[in-house]
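Participant: If it helps, the file is called my_file-v4.txt and holds compact mmCIF, C-alpha atoms:
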```txt
# COMPACT_ATOMS: atom_id res chain seq x y z
CA MET A 1 20.75 -4.82 -7.70
CA ASP A 2 17.96 -2.26 -8.05
CA ALA A 3 15.07 -3.15 -5.74
CA LEU A 4 12.66 -0.76 -7.45
CA LYS A 5 13.24 -2.25 -10.91
CA GLN A 6 13.05 -5.78 -9.53
CA ASN A 7 9.79 -5.09 -7.74
CA ALA A 8 8.28 -3.40 -10.79
CA ARG A 9 9.06 -6.50 -12.87
CA ALA A 10 7.84 -8.80 -10.11
CA TRP A 11 4.49 -7.02 -9.84
CA ASP A 12 4.08 -7.14 -13.61
CA LYS A 13 4.55 -10.88 -13.28
CA LYS A 14 1.96 -11.04 -10.49
CA VAL A 15 -0.55 -9.45 -12.84
CA ASP A 16 0.23 -12.07 -15.48
CA ASP A 17 -0.16 -14.78 -12.84
CA GLY A 18 -3.50 -13.39 -11.60
CA ALA A 19 -2.38 -12.75 -8.00
CA VAL A 20 -5.17 -11.63 -5.66
CA TYR A 21 -3.88 -8.07 -5.21
CA THR A 22 -3.94 -7.55 -8.98
CA GLU A 23 -7.58 -8.50 -9.54
CA PRO A 24 -9.69 -5.42 -10.39
CA VAL A 25 -13.07 -4.70 -8.86
CA SER A 26 -16.22 -5.94 -10.54
CA LYS A 27 -18.87 -3.96 -12.37
CA GLU A 28 -21.23 -4.64 -9.46
CA GLU A 29 -18.80 -3.07 -6.98
CA ILE A 30 -18.57 0.06 -9.11
CA GLU A 31 -22.36 0.27 -9.34
CA ARG A 32 -22.63 0.04 -5.55
CA SER A 33 -19.93 2.69 -5.17
CA ARG A 34 -21.83 5.08 -7.43
CA ALA A 35 -24.89 4.51 -5.24
CA GLY A 36 -22.93 5.39 -2.09
CA ASP A 37 -22.38 1.83 -0.84
CA TRP A 38 -18.60 1.68 -1.11
CA HIS A 39 -15.63 0.45 0.88
CA ILE A 40 -11.90 -0.12 0.37
CA SER A 41 -9.15 -2.08 2.13
CA LEU A 42 -5.69 -1.01 3.23
CA THR A 43 -4.78 -4.48 4.49
CA ALA A 44 -5.78 -8.05 3.66
CA ILE A 45 -9.30 -8.51 5.06
CA LYS A 46 -10.76 -5.61 7.05
CA LYS A 47 -12.41 -2.63 5.42
CA VAL A 48 -11.41 0.92 6.27
CA PRO A 49 -13.95 2.49 8.66
CA ARG A 50 -16.20 4.89 6.78
CA GLU A 51 -15.74 7.45 9.54
CA TRP A 52 -12.11 7.76 8.42
CA PHE A 53 -13.48 9.52 5.32
CA PRO A 54 -15.46 12.75 4.98
CA ARG A 55 -19.23 12.46 4.55
CA THR A 56 -18.90 12.94 0.79
CA LEU A 57 -15.97 12.30 -1.56
CA ASP A 58 -17.31 14.64 -4.25
CA GLY A 59 -14.37 16.61 -5.65
CA LEU A 60 -11.93 15.30 -3.02
CA LYS A 61 -8.42 15.03 -4.48
CA ILE A 62 -7.12 11.56 -3.52
CA LEU A 63 -3.72 10.05 -4.27
CA CYS A 64 -3.71 6.24 -4.32
CA LEU A 65 -0.03 5.73 -3.54
CA ALA A 66 1.58 2.45 -4.64
CA ALA A 67 -2.00 1.26 -5.07
CA GLY A 68 -2.37 0.04 -8.63
CA GLY A 69 -4.39 -3.04 -9.50
CA GLY A 70 -7.84 -1.66 -10.22
CA GLN A 71 -9.08 -1.92 -6.64
CA GLN A 72 -9.09 1.18 -4.40
CA ALA A 73 -8.83 3.88 -7.08
CA PRO A 74 -11.86 2.95 -9.24
CA VAL A 75 -14.07 2.58 -6.17
CA LEU A 76 -13.11 6.02 -4.87
CA ALA A 77 -13.53 7.57 -8.32
CA ALA A 78 -17.00 6.01 -8.67
CA ALA A 79 -17.84 7.49 -5.25
CA GLY A 80 -17.07 10.98 -6.57
CA ALA A 81 -13.39 11.61 -5.81
CA ASP A 82 -10.78 13.07 -8.16
CA VAL A 83 -8.31 10.17 -8.08
CA THR A 84 -4.68 9.80 -9.14
CA VAL A 85 -2.85 6.46 -8.93
CA VAL A 86 0.92 6.12 -8.63
CA ASP A 87 2.50 2.67 -8.92
CA LEU A 88 5.81 1.15 -10.01
CA SER A 89 4.13 -1.56 -12.07
CA ALA A 90 2.92 -0.65 -15.54
CA LYS A 91 0.66 -3.70 -15.61
CA GLN A 92 -0.91 -2.83 -12.26
CA LEU A 93 -1.75 0.60 -13.67
CA GLU A 94 -3.23 -1.07 -16.75
CA GLN A 95 -5.72 -2.76 -14.41
CA ASP A 96 -6.88 0.66 -13.20
CA LYS A 97 -7.09 1.97 -16.75
CA ALA A 98 -9.11 -1.06 -17.83
CA VAL A 99 -11.69 -0.55 -15.07
CA ALA A 100 -11.87 3.18 -15.82
CA GLU A 101 -12.49 2.52 -19.50
CA ARG A 102 -15.01 -0.24 -18.76
CA GLU A 103 -16.99 1.93 -16.33
CA GLY A 104 -16.55 5.38 -17.85
CA LEU A 105 -14.49 6.67 -14.91
CA GLN A 106 -11.93 9.46 -14.93
CA LEU A 107 -8.64 8.23 -13.41
CA ASN A 108 -5.16 9.69 -13.61
CA THR A 109 -2.36 7.08 -13.63
CA ILE A 110 1.37 7.70 -13.24
CA GLN A 111 4.14 5.11 -13.20
CA GLY A 112 6.57 6.01 -10.45
CA SER A 113 7.97 5.34 -7.00
CA MET A 114 6.15 6.01 -3.72
CA SER A 115 9.42 7.53 -2.46
CA ASP A 116 9.72 10.23 -5.14
CA LEU A 117 6.77 12.28 -6.40
CA PRO A 118 8.31 15.18 -8.38
CA PHE A 119 5.30 15.34 -10.71
CA PHE A 120 3.08 16.75 -7.91
CA GLU A 121 3.19 20.26 -6.51
CA ASP A 122 3.22 20.92 -2.78
CA GLU A 123 -0.05 20.59 -0.83
CA TYR A 124 -2.09 19.35 -3.80
CA PHE A 125 -4.04 16.39 -2.36
CA ASP A 126 -6.71 16.19 0.33
CA MET A 127 -6.08 12.51 1.08
CA ILE A 128 -3.58 9.74 0.41
CA VAL A 129 -4.63 6.09 0.34
CA HIS A 130 -1.54 3.91 0.82
CA PRO A 131 -2.36 0.19 1.22
CA VAL A 132 0.27 -2.34 2.32
CA ALA A 133 3.16 -1.53 -0.02
CA ASN A 134 6.00 0.15 1.82
CA LEU A 135 7.59 -3.25 2.51
CA PHE A 136 8.87 -2.93 -1.07
CA VAL A 137 11.17 0.03 -0.28
CA GLU A 138 14.27 -0.08 1.89
CA ASN A 139 13.97 3.40 3.38
CA LEU A 140 10.62 4.64 4.68
CA SER A 141 11.62 8.23 5.43
CA PRO A 142 11.25 9.49 1.82
CA VAL A 143 7.79 7.91 1.60
CA TRP A 144 6.48 9.81 4.63
CA LYS A 145 8.33 12.98 3.62
CA GLU A 146 6.79 13.03 0.14
CA ALA A 147 3.34 12.16 1.51
CA SER A 148 3.54 15.14 3.85
CA ARG A 149 4.76 17.44 1.09
CA VAL A 150 1.95 16.70 -1.38
CA LEU A 151 -0.85 16.74 1.23
CA LYS A 152 -2.70 19.91 2.15
CA ASP A 153 -2.70 21.13 5.75
CA LYS A 154 -5.18 18.91 7.65
CA GLY A 155 -4.88 16.38 4.81
CA VAL A 156 -5.32 12.72 5.72
CA LEU A 157 -2.92 9.82 5.15
CA LEU A 158 -4.46 6.34 5.34
CA SER A 159 -1.72 3.69 5.48
CA GLY A 160 -1.60 -0.07 5.73
CA PHE A 161 1.66 -1.80 6.64
CA THR A 162 3.07 -5.06 7.86
CA ASN A 163 3.67 -5.82 11.52
CA PRO A 164 7.44 -6.47 11.68
CA PHE A 165 6.70 -9.57 13.74
CA LEU A 166 5.85 -11.32 10.45
CA PHE A 167 9.38 -10.91 9.15
CA ILE A 168 11.28 -12.50 12.05
CA PHE A 169 10.18 -16.01 11.03
CA ASP A 170 11.51 -18.30 8.33
CA ASP A 171 8.91 -17.84 5.59
CA GLU A 172 9.11 -21.37 4.16
CA GLU A 173 8.78 -22.95 7.61
CA ASP A 174 5.94 -20.59 8.48
CA MET A 175 3.93 -21.83 5.49
CA LYS A 176 4.41 -25.38 6.78
CA GLY A 177 3.02 -24.36 10.16
CA ASN A 178 6.41 -24.15 11.89
CA LEU A 179 7.27 -20.84 13.54
CA VAL A 180 11.06 -20.72 13.36
CA VAL A 181 12.70 -17.42 14.34
CA LYS A 182 15.31 -16.57 11.72
CA ASN A 183 15.55 -12.84 11.00
CA SER A 184 16.12 -9.61 12.90
CA ILE A 185 14.38 -6.32 12.12
CA PRO A 186 15.06 -4.36 9.96
CA SER A 187 15.44 -7.10 7.38
CA SER A 188 15.47 -7.87 3.67
CA SER A 189 14.28 -10.96 1.85
CA LEU A 190 17.83 -11.24 0.46
CA ASP A 191 19.43 -11.45 3.91
CA GLY A 192 21.40 -14.64 4.46
CA LEU A 193 21.35 -15.69 0.79
CA THR A 194 24.51 -16.58 -1.05
CA GLU A 195 25.33 -14.71 -4.26
CA GLU A 196 24.10 -17.68 -6.28
CA GLU A 197 20.87 -17.87 -4.26
CA VAL A 198 20.28 -14.14 -4.78
CA ILE A 199 20.62 -14.57 -8.54
CA ARG A 200 18.15 -17.46 -8.54
CA TYR A 201 15.74 -15.49 -6.33
CA LEU A 202 15.77 -12.48 -8.63
CA GLU A 203 15.56 -14.51 -11.82
CA ALA A 204 12.48 -16.29 -10.44
CA GLY A 205 10.73 -12.90 -10.41
CA HIS A 206 10.23 -12.59 -6.66
CA THR A 207 9.68 -9.25 -4.95
CA ILE A 208 12.37 -7.90 -2.64
CA GLU A 209 10.66 -7.17 0.68
CA PHE A 210 11.92 -5.20 3.65
CA GLY A 211 10.88 -5.62 7.27
CA HIS A 212 10.64 -2.19 8.92
CA THR A 213 10.50 -1.36 12.60
CA LEU A 214 7.28 -0.01 14.12
CA GLU A 215 9.25 3.09 15.05
CA ASN A 216 10.00 3.75 11.38
CA GLN A 217 6.39 3.03 10.44
CA ILE A 218 4.64 5.14 13.10
CA GLN A 219 7.19 7.60 14.46
CA GLY A 220 8.30 8.07 10.87
CA GLN A 221 4.89 9.54 10.08
CA ILE A 222 4.93 11.70 13.21
CA ASP A 223 8.39 13.04 12.32
CA GLU A 224 6.94 14.40 9.06
CA GLY A 225 4.17 16.35 10.76
CA PHE A 226 1.44 13.74 11.04
CA VAL A 227 -0.75 13.14 14.08
CA ILE A 228 -2.03 9.56 14.40
CA ALA A 229 -5.81 9.78 14.66
CA GLY A 230 -6.84 6.13 14.33
CA MET A 231 -5.57 2.58 13.91
CA TYR A 232 -6.67 -1.04 13.62
CA GLU A 233 -5.08 -4.46 13.13
CA ASP A 234 -5.78 -7.16 10.55
CA ASP A 235 -4.56 -10.63 9.56
CA PHE A 236 -4.50 -12.98 6.57
CA GLY A 237 -7.98 -14.28 7.32
CA GLY A 238 -6.73 -17.55 8.77
CA SER A 239 -4.60 -18.55 5.79
CA ARG A 240 -1.28 -18.20 7.63
CA PRO A 241 -0.24 -20.03 10.83
CA LEU A 242 0.62 -16.73 12.49
CA ASP A 243 -3.04 -15.69 12.37
CA LYS A 244 -3.58 -17.88 15.45
CA PHE A 245 -1.16 -15.79 17.47
CA ILE A 246 -0.95 -12.20 16.23
CA LYS A 247 -2.33 -9.72 13.72
CA CYS A 248 0.19 -9.28 10.92
CA PHE A 249 -1.10 -5.98 9.54
CA ILE A 250 -1.67 -2.50 10.94
CA ALA A 251 -3.59 0.41 9.43
CA THR A 252 -3.31 4.02 10.58
CA LYS A 253 -5.18 7.24 9.93
CA ALA A 254 -2.83 10.22 10.21
CA VAL A 255 -3.60 13.93 9.84
CA LYS A 256 -1.02 16.42 8.61
CA MET A 257 -1.01 19.01 11.36
CA LYS A 258 1.50 21.44 12.76
CA ILE A 259 1.44 21.26 16.54
CA TYR A 260 4.32 23.68 17.10
CA ASP A 261 5.54 26.46 14.83
```
Kindly present the structure from the file in structure tokens form.

Facilitator:
Amino acid sequence: MDALKQNARAWDKKVDDGAVYTEPVSKEEIERSRAGDWHISLTAIKKVPREWFPRTLDGLKILCLAAGGGQQAPVLAAAGADVTVVDLSAKQLEQDKAVAEREGLQLNTIQGSMSDLPFFEDEYFDMIVHPVANLFVENLSPVWKEASRVLKDKGVLLSGFTNPFLFIFDDEEDMKGNLVVKNSIPSSSLDGLTEEEVIRYLEAGHTIEFGHTLENQIQGQIDEGFVIAGMYEDDFGGSRPLDKFIKCFIATKAVKMKIYD
């Protein structure tokens, strides 16, 4: 079982099904972005604080990492940045290409894994925008390692990720409003399934998701030379029962910075 291939196929299917995270931005949003009135999200609802960005994006080299879908990248490009998008899903990248063609934007798109970026030289980007996506890889260390490698010194990594608390509950029961503790962290959406259930799960085109510890999410960034310079929490906007009790998403601003030589 190859989680990367499964998740690439699953996200292609989400595009076909019109899932919310595959819907590209409108012409009106691009017009506002060109006029300086722009915003992006790393999580479900909240917008990233504008003070997390420099005053102007003109010429800023930004990598939108595992961020296909025609959402963050076109907005940032319309605001003046030099944007590259990397995503596993070919159809998610097609959404970015479609917006770029529709709006006359310059966007670079590359199909690939967030864990392996051999097509980029060291210290090339000024900023990485990495919305909630690392739940689709089993090991976070290569993600943070590659992010650090391709960022310039003092470069900024903006990341959204899932609070591991979300993954301890039985997902089906959660959607019914019943909070039933089922899983430990770290976890995989295939945990506890029989071989036959795994086959059915994969054939249905579901993503394989991994619940990571907060230590791997936050200390993992620090271990690769990042200093956490900001954070906020977010939820599903009231659509999940857990929203009543806890925020299920976290976003961090991290700066690549050597503290000790």

Participant: Would you write out, as a Markdown table, a table of all residues in segment 22-71 of chain A that have an atom no more than 9 Å from an atom of segment 76-86 of chain A, listing for each the closest atom pair and the distance in Å to one decimal, considering only C-alpha atoms and ordering rows by chain and rising residue number?

Facilitator:
```
| residue | atom | partner | partner_atom | distance |
| --- | --- | --- | --- | --- |
| A:Ile30 | CA | A:Ala78 | CA | 6.2 |
| A:Glu31 | CA | A:Ala78 | CA | 7.9 |
| A:Arg32 | CA | A:Ala78 | CA | 8.8 |
| A:Ser33 | CA | A:Ala79 | CA | 5.2 |
| A:Arg34 | CA | A:Ala78 | CA | 5.1 |
| A:Ala35 | CA | A:Ala79 | CA | 7.7 |
| A:Gly36 | CA | A:Ala79 | CA | 6.3 |
| A:Asp37 | CA | A:Ala79 | CA | 8.5 |
| A:Trp38 | CA | A:Ala79 | CA | 7.2 |
| A:His39 | CA | A:Leu76 | CA | 8.4 |
| A:Ile40 | CA | A:Leu76 | CA | 8.2 |
| A:Thr56 | CA | A:Gly80 | CA | 7.8 |
| A:Leu57 | CA | A:Ala81 | CA | 5.0 |
| A:Asp58 | CA | A:Gly80 | CA | 4.3 |
| A:Gly59 | CA | A:Ala81 | CA | 5.1 |
| A:Leu60 | CA | A:Ala81 | CA | 4.9 |
| A:Lys61 | CA | A:Asp82 | CA | 4.8 |
| A:Ile62 | CA | A:Val83 | CA | 4.9 |
| A:Leu63 | CA | A:Thr84 | CA | 5.0 |
| A:Cys64 | CA | A:Val85 | CA | 4.7 |
| A:Leu65 | CA | A:Val86 | CA | 5.2 |
| A:Ala66 | CA | A:Val86 | CA | 5.5 |
| A:Ala67 | CA | A:Val85 | CA | 6.5 |
| A:Gly68 | CA | A:Val85 | CA | 6.4 |
```

Participant: Considering all atoms listed in the file, return as an NGL selection string whatever protein or nucleic-acid residues lie within 8 Å of segment 126-136 of chain A, sequence-local ones (same chain, fewer than 5 positions apart) excluded.

Facilitator: :A and (3-4 or 7 or 41-43 or 60-67 or 143 or 147 or 151-152 or 154-162 or 207-212)

Participant: Given the choices A:Glu215, A:Glu172, A:Glu138, A:Asp12, which gets closest to Asp87 of chain A if the distance is worked out from all atoms listed in the file?

Facilitator: A:Asp12

Participant: Which of these, A:Glu146, A:Glu94, A:Glu197, A:Glu123, has the shortest distance to Gln221 of chain A once you count all atoms listed in the file?

Facilitator: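 Among the listed residues, A:Glu146 lies closest to Gln221 of chain A.
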
Participant: Please list as a PyMOL selection string every residue within 12 Å of Ser26 of chain A, counting all atoms listed in the file and excluding residues in the same chain fewer than 2 positions away.

Facilitator: chain A and resi 23-24+28-33+70-72+74-75+95-96+98-100+102-103

Participant: Could the residues in this selection be written to a file with C-alpha atoms, as a PDB file, keeping the file's coordinate frame?

Facilitator:
```pdb
ATOM      1  CA  GLU A  23      -7.580  -8.500  -9.540  1.00  0.00           C
ATOM      2  CA  PRO A  24      -9.690  -5.420 -10.390  1.00  0.00           C
ATOM      3  CA  GLU A  28     -21.230  -4.640  -9.460  1.00  0.00           C
ATOM      4  CA  GLU A  29     -18.800  -3.070  -6.980  1.00  0.00           C
ATOM      5  CA  ILE A  30     -18.570   0.060  -9.110  1.00  0.00           C
ATOM      6  CA  GLU A  31     -22.360   0.270  -9.340  1.00  0.00           C
ATOM      7  CA  ARG A  32     -22.630   0.040  -5.550  1.00  0.00           C
ATOM      8  CA  SER A  33     -19.930   2.690  -5.170  1.00  0.00           C
ATOM      9  CA  GLY A  70      -7.840  -1.660 -10.220  1.00  0.00           C
ATOM     10  CA  GLN A  71      -9.080  -1.920  -6.640  1.00  0.00           C
ATOM     11  CA  GLN A  72      -9.090   1.180  -4.400  1.00  0.00           C
ATOM     12  CA  PRO A  74     -11.860   2.950  -9.240  1.00  0.00           C
ATOM     13  CA  VAL A  75     -14.070   2.580  -6.170  1.00  0.00           C
ATOM     14  CA  GLN A  95      -5.720  -2.760 -14.410  1.00  0.00           C
ATOM     15  CA  ASP A  96      -6.880   0.660 -13.200  1.00  0.00           C
ATOM     16  CA  ALA A  98      -9.110  -1.060 -17.830  1.00  0.00           C
ATOM     17  CA  VAL A  99     -11.690  -0.550 -15.070  1.00  0.00           C
ATOM     18  CA  ALA A 100     -11.870   3.180 -15.820  1.00  0.00           C
ATOM     19  CA  ARG A 102     -15.010  -0.240 -18.760  1.00  0.00           C
ATOM     20  CA  GLU A 103     -16.990   1.930 -16.330  1.00  0.00           C
TER      21      GLU A 103
END
```

Participant: Ranking A:Leu242, A:Val150, A:Val181, A:Leu214 by minimum distance to Lys256 of chain A and counting all atoms listed in the file, which one comes first?

Facilitator: A:Val150

Participant: Using only C-alpha atoms, can you tell me which of A:Gln106, A:Asn139, A:Ser89, A:Gln6 comes closest to Gly220 of chain A?

Facilitator: A:Asn139

Participant: Under the rule that all atoms listed in the file are counted, which of A:Arg55, A:Lys27, A:His206, A:Lys253 is the nearest residue to Ala8 of chain A?

Facilitator: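 Closest to Ala8 of chain A of all the choices is A:His206.
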
Participant: Rounded to one decimal, what separation in Å do you get between atom CA of Lys258 of chain A and atom CA of Ala229 of chain A?

Facilitator: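 Atom-to-atom, atom CA of Lys258 of chain A and atom CA of Ala229 of chain A are spaced 13.9 Å apart.
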
Participant: Which polymer residues have any atom within 10 Å of an atom of Asp16 of chain A, counting only C-alpha atoms, with same-chain residues fewer than 4 positions away left out, as a list in words?

Facilitator: Ala10, Trp11, Asp12, Thr22, Lys91 and Gln92 of chain A

Participant: Have a look at A:Ile228, A:Ala73, A:Ile168, A:Val25 and name the one nearest to Pro186 of chain A; count only C-alpha atoms.

Facilitator: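 The closest residue to Pro186 of chain A is A:Ile168.
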
Participant: Could you tell me how far atom CA of Glu121 of chain A sits from atom CA of Val255 of chain A, in Å to one decimal place?

Facilitator: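 Separating atom CA of Val255 of chain A from atom CA of Glu121 of chain A is a distance of 18.8 Å.
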
Participant: Which value, in Å to one decimal, gives the distance between atom CA of Lys47 of chain A and atom CA of Phe236 of chain A?

Facilitator: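 Here the two named atoms are 13.1 Å from each other.
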